[in-house]
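Worksheet: the structure to be examined is printed underneath.
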Amino acid sequence: METVIEGKRLKKTFKISKREKGLFGHLANLFLPKYIHKKAVDDISFTIKKGDAVGFIGANGAGKSTTIKMLSGILSPTEGSVTALGLSPDKDRIEYVAKIGAIFGQKSQLSWDLPIIDSFDLLQKIYRIPDQKYQENLAMFTKILDMKSFIEQPVRQLSLGQRMRADIAAALLHSPELVFFDEPTIGLDVVAKEKIREFIRYMNKELGVTIIFTTHDMQDIEKTCERLIIIDQGKKIYDGTVAGIKTHFGSERKLVVKFEQDYDISEVAKTPSIKIISKKDRSKEFLFKNEDIEVKSLIQYLFENYQVSDLTISEPDIEEIVRDIYDKGI
Amino acid sequence: MDTFALFIHYSLITIKSRFQYKVDAIFRSLAVFLRESASIIIIYFMLLKFENINGWNIDELLFLFSFIFFTYGLLILFFTGFRDFENMVNKGSLDRFLLRPRGLVFQIISSNADWFAAIGHGCLGLVLFIYSAGQINVDWNTTLVLYCIVSVISGVLIQGALFLFIASLSFTLIKVTNIRNILYWNTRKFAGYPLSIFHGSIQFLLIYIVPFAFVNYFPAQFILRKADLIDFPIAYIYIAPCVGFVLYALSYCYWRYSLRFYKSTGN
Ligand SMILES: Nc1ncnc2c1ncn2[C@@H]1O[C@H](COP(=O)(O)OP(=O)(O)O)[C@@H](O)[C@H]1O
Ligand SMILES: [Mg+2]
C-alpha cells in the first residue's frame, strides 16, 4: 500500500513567556522576559498508508492537537519533517490543503453568523468545486448526516451535535482523500457520538478515505479503527493494533466490593491472578484479568462466603491504560 | 478574475450576515459619515479663527484632510482584518484560513471587508476632496488625475503596510495594541495638518518612521505647491506615489517571515 503520511522525528516546542507578578515582576518582564520551553510533541515518527484509519489517543495535553496541526499544515514542526501526499504541509500549503480535510471538535471552522448553506456555498468557491460534484456531495452529506432541518440556520443556533455534523460536511465537500479529526466526539452525548463514529467508519470503509483522528475516548477507537497510536507527554508510547492493546492491557477489570463488615479477605487474594489494590474498612478493590478469572464465578464466590452490600465492576479507563504503559513500557 | 469574484462573494455574505444580525446595518455607514463629519466641522470652525496656517487657507487644509479620510475608507475596506488582527488570532480564524487553499492575506482581507464603515469614511473623503478641489480651482489634467489615483492607492498601502507589519509583530510579541496605538492612531492625529508647522522631530517621524506625510502632505503639495514645500526635498512629491508600494512589499516579506512563528492557540 502506498504511503500517505510519513512523519519523521517530529518535535514541536512552544516558547511560553513566563510572567511574574508585582512591580519588580513587571520590570523583569519588560527587560528580562523569561521563557519556558514546553515540549508539546517530542520526537514522534510514524507512517500512515492509504486507506488506513488511525486513532491517536492520549490524555489532555498529551500533544494530539499539536500533532494534527503539524500534519495539516497549520504549524511548522520545530524539528523533524512531515511528508504527506508527497508534499510538505507547511511549505506547499495551498496545494496540500486542497486535498485534505480537517475538523476540530473544540473549534468550529464555520462562520458563527452565517447560515450553514452560505458557508458551504462559499467553500465551493474557495475550493473551486465543480457545480455538479458540489451538488452531489451536498445532497449526499445532507442525507447521511441528517442536516436538512438545520442547514438554513446559522451556527450559533445549533446544538453541539448539529454543529459537529455541519463542520464535518464542510470539511468534506471537496472530496479530500485524507481527513483529520481532532476530538470529533468531545462533549457529545452517547447517541451523537455513535452517529459520528458510524460516519467515520463509513467514510473510511465505503469511500476509501484515509483517516487520522484523535480522542481520549477508547470507545471511539474501538469502533472506528484497527490501528492505534498512544501518545503521552509528547511521546509515542504505543503504535499497533487495537486488538493488541486490548489483549495486553484492556482486559483488566476492577472490582470494588463493599462488605457488610471488615472481613479479612486474604483468602480471596490467594488466587494468583487476583490483586488487592486497596483496603479501606469495608471497601476492597480487586484487580484481575478477564481471561484468567470468570467474573461470574468470582462474584458467586464472594456472595457465598461473605455478606456483600454493594459491588461494581469497571474497565480501566484509557488514562489508566496509558499510565500503565508509560510506567512499565510495552 | 476568480479571485475577484471570490472577494465579492465574501463581501456579499458578510453584508448579508450583518443585515441578519442587526437591521440597522445600513445606518452604520450614515452614522460613521455623520460622526466623522462632526469632527471635521469642529476642526473647520477652529481653523476659521486663523487667516491661514503657514500659508494654507481653510480650503487647502480641507484638501489635505480629504486624503486622510478617503484613504482610510479604502484602508478599512481591505485591511480591517489586520487592524483587528489579535482578535482574529484569538478566535482561531487563522487556523481556518491556513486550512483553505487560498492565499492567507487574501482571505484575511476578504473575510473582513467592512463595507459599511468604508462607505462612511470614503464618502466623507470624497465630498471633502471634491468640494475643496473646487474651491481651490485645481486645474485638472490627465497627469494630475493619474497622480492623484496612484497616490491614493499608495496612501492606502502605506497604512496597510503599517497594519501588516504590526500584525506580523504579534506572532512574536504578545500584545501589540499599544504599539499600534502609538505608531498609528497617535501619529495619525498630526497628519491632518501641514507638515511644516511641526517641530523637526515630528516631521522626521511623519516622513521616515510612520510616513503619513506621503499619504497626504506630499501628494497635496504636488498639486498645490505651497511655499512651505521649500523645507523638504522636492523629490518627495515625485516619489510619493511609489512609497506605498515599496513599503507594502517590505511589510509583506516580513509577514511571510513571521508566519513561521505562528503558534496557533492551545486549549
Ligand atoms: N499555541 C500554544 N501555545 C503554547 N502552548 C501550547 C499551545 N498549544 C498547545 N500547547 C501546549 O502543548 C501541550 C500539548 O497540547 P495539545 O497538543 O493541545 O494536547 P492535546 O490535544 O493532546 O490535549 C499542552 O501542554 C499545551 O498546553
Ligand atoms: Mg486537543
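Order determines the names: the first chain of the C-alpha cells is A, the second B, and so forth; residues in each chain are numbered 1 upward, and ligands are numbered 1 upward as they are shown.
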
Write out as a ChimeraX atom specification each polymer residue (protein, DNA or RNA) that has an atom no more than 10 Å from ligand 2, with only C-alpha atoms and all ligand atoms counted. /A:58-69,104-106,182-183,186,214-216 /B:266-267

Specify as a ChimeraX atom specification all residues of chain B found within 8 Å of chain A, counting only C-alpha atoms. /B:6,9-10,13,17,21,92-93,95-96,98-103,260,262-264

B:Ser110, B:Gln135, B:Gln203, B:Ser154 ranked by distance to Leu62 (chain B), top pick (using only C-alpha atoms): B:Gln135

Out of region 8-141 of chain A, which residues get helix (DSSP H, G or I) from DSSP, as a ChimeraX atom specification? /A:22-31,64-71,93-97,116-127,131-141
